[in-house]
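K.L.:
Handing you a structure now.
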Amino acid sequence: MNDPYKVLGVSPNASDEEIKQAYRRLAKKYHPDLNPGDKVAAQKMQEINAAYEQIKNPEKHQQSQGYGYDPFGGYRQQNTGSDYQRSAYQYIMYRRYREALNVLQNATPRDARWYYLSALANDGLGNQVTALEHIRKAVSMEPDNMEYIQALEAIENGGAAYRRQAGNFRGYQMAGSPLAGLCMCFLMRMFCCGC
């Protein structure tokens, strides 16, 4: 993006508050939820989001030009792709999965990259069936793409939603442990003594 200030309609000397107000005004006008099915509004919203993000976080914008966060492990070189692909990928990178799906909703063509990004966003939201369906479609379209194959393996083995949920309980599993037997014995005694 050449001039993010021009996209938002503010001067480069604008205050943070003026930039926020311009962003909010434009977001209210072009948001996909308020303009369902309007491809022009969706494209404009992508430009507005990218401009605001570039102004707000210039360091991150510099980093994202060549590298991005891979949801399945570490940083990797980011493919350039089309504008909607870059926007969707950035949303996924910041765990804003609904926004990523909004960007992808009206985007064309639905190539292997589209299915890959859709799978990542759906996986992040816990939509395992759709995530699996889309990542399998991406792999079938580009069977030699290791990025897609790794994503398929990760999603097939539980995906992001499962890993987040499992992480909440890690280390607290009691079934089959000596502590479980002791706790069960204690609870049974309390129950029997109460009767």
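Following the order of the structure tokens, first chain is A, next is B, and so on, with residues numbered from 1 inside each chain and ligands from 1 in the order they appear.
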Within 7 Å of range 126-137 of chain A, counting only C-alpha atoms, which residues show up once you throw out same-chain ones fewer than 3 positions away? Write them as a ChimeraX atom specification, please.
P.N.:
/A:115-116,118-120,122-123,140-141,148,152,155-156,161
K.L.:
Atoms to include: N, CA, C and O atoms. Write the selected residues as a PDB file, in the first residue's frame.
P.N.:
ATOM      1  N   TYR A 115      -8.668 -22.227  -0.292  1.00  0.00           N
ATOM      2  CA  TYR A 115      -9.112 -23.327   0.575  1.00  0.00           C
ATOM      3  C   TYR A 115      -8.203 -23.487   1.791  1.00  0.00           C
ATOM      4  O   TYR A 115      -8.659 -23.781   2.887  1.00  0.00           O
ATOM      5  N   TYR A 116      -6.913 -23.272   1.601  1.00  0.00           N
ATOM      6  CA  TYR A 116      -5.959 -23.351   2.709  1.00  0.00           C
ATOM      7  C   TYR A 116      -6.275 -22.292   3.770  1.00  0.00           C
ATOM      8  O   TYR A 116      -6.374 -22.589   4.961  1.00  0.00           O
ATOM      9  N   SER A 118      -9.062 -20.632   4.204  1.00  0.00           N
ATOM     10  CA  SER A 118     -10.370 -20.921   4.789  1.00  0.00           C
ATOM     11  C   SER A 118     -10.262 -22.020   5.839  1.00  0.00           C
ATOM     12  O   SER A 118     -10.897 -21.954   6.894  1.00  0.00           O
ATOM     13  N   ALA A 119      -9.455 -23.016   5.566  1.00  0.00           N
ATOM     14  CA  ALA A 119      -9.255 -24.108   6.532  1.00  0.00           C
ATOM     15  C   ALA A 119      -8.629 -23.578   7.818  1.00  0.00           C
ATOM     16  O   ALA A 119      -9.056 -23.937   8.922  1.00  0.00           O
ATOM     17  N   LEU A 120      -7.621 -22.704   7.712  1.00  0.00           N
ATOM     18  CA  LEU A 120      -6.976 -22.148   8.902  1.00  0.00           C
ATOM     19  C   LEU A 120      -7.963 -21.328   9.733  1.00  0.00           C
ATOM     20  O   LEU A 120      -8.005 -21.446  10.956  1.00  0.00           O
ATOM     21  N   ASN A 122     -11.313 -21.492   9.693  1.00  0.00           N
ATOM     22  CA  ASN A 122     -12.340 -22.365  10.270  1.00  0.00           C
ATOM     23  C   ASN A 122     -11.781 -23.186  11.428  1.00  0.00           C
ATOM     24  O   ASN A 122     -12.458 -23.396  12.440  1.00  0.00           O
ATOM     25  N   ASP A 123     -10.550 -23.636  11.299  1.00  0.00           N
ATOM     26  CA  ASP A 123      -9.913 -24.387  12.384  1.00  0.00           C
ATOM     27  C   ASP A 123      -9.780 -23.510  13.619  1.00  0.00           C
ATOM     28  O   ASP A 123     -10.051 -23.945  14.735  1.00  0.00           O
ATOM     29  N   SER A 140      -5.624 -31.595  -2.422  1.00  0.00           N
ATOM     30  CA  SER A 140      -5.954 -32.291  -3.673  1.00  0.00           C
ATOM     31  C   SER A 140      -5.637 -31.417  -4.890  1.00  0.00           C
ATOM     32  O   SER A 140      -5.278 -31.921  -5.943  1.00  0.00           O
ATOM     33  N   MET A 141      -5.748 -30.098  -4.720  1.00  0.00           N
ATOM     34  CA  MET A 141      -5.455 -29.184  -5.826  1.00  0.00           C
ATOM     35  C   MET A 141      -3.949 -28.985  -6.021  1.00  0.00           C
ATOM     36  O   MET A 141      -3.491 -28.786  -7.143  1.00  0.00           O
ATOM     37  N   TYR A 148       0.520 -27.015   2.818  1.00  0.00           N
ATOM     38  CA  TYR A 148      -0.849 -27.533   2.894  1.00  0.00           C
ATOM     39  C   TYR A 148      -0.869 -28.908   3.552  1.00  0.00           C
ATOM     40  O   TYR A 148      -1.762 -29.216   4.335  1.00  0.00           O
ATOM     41  N   LEU A 152      -2.842 -29.984   6.871  1.00  0.00           N
ATOM     42  CA  LEU A 152      -3.765 -31.117   6.875  1.00  0.00           C
ATOM     43  C   LEU A 152      -3.472 -32.043   8.048  1.00  0.00           C
ATOM     44  O   LEU A 152      -4.385 -32.446   8.783  1.00  0.00           O
ATOM     45  N   ILE A 155      -4.554 -30.365  11.336  1.00  0.00           N
ATOM     46  CA  ILE A 155      -6.007 -30.307  11.510  1.00  0.00           C
ATOM     47  C   ILE A 155      -6.570 -31.705  11.742  1.00  0.00           C
ATOM     48  O   ILE A 155      -7.456 -31.892  12.584  1.00  0.00           O
ATOM     49  N   GLU A 156      -6.048 -32.698  11.022  1.00  0.00           N
ATOM     50  CA  GLU A 156      -6.516 -34.073  11.231  1.00  0.00           C
ATOM     51  C   GLU A 156      -6.194 -34.571  12.642  1.00  0.00           C
ATOM     52  O   GLU A 156      -6.918 -35.393  13.188  1.00  0.00           O
ATOM     53  N   ALA A 161      -8.507 -25.679  17.763  1.00  0.00           N
ATOM     54  CA  ALA A 161      -9.516 -25.644  18.824  1.00  0.00           C
ATOM     55  C   ALA A 161      -9.256 -26.739  19.849  1.00  0.00           C
ATOM     56  O   ALA A 161      -9.326 -26.506  21.056  1.00  0.00           O
TER      57      ALA A 161
END
K.L.:
Within 9 Å of Glu47 in chain A, counting only C-alpha atoms, which residues qualify if same-chain residues fewer than 2 places away don't, as a ChimeraX atom specification?
P.N.:
/A:1,4,7-8,42-45,49-52,83,87
K.L.:
Record the distance separating CA of Glu142 in chain A and CA of Asp111 in chain A, expressed in Å with one decimal.
P.N.:
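The value is 9.5 Å.
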K.L.:
Pick from A:Ile55, A:Ala100, A:Ala27, A:Ala154: nearest to Pro12 in chain A, with only C-alpha atoms counted?
P.N.:
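Closest residue, counting only C-alpha atoms: A:Ile55.
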K.L.:
I'd like the interatomic distance between CA of Arg24 in chain A and CA of Val10 in chain A, to a tenth of an Å.
P.N.:
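One can read the CA of Arg24 in chain A to CA of Val10 in chain A distance as 12.6 Å.
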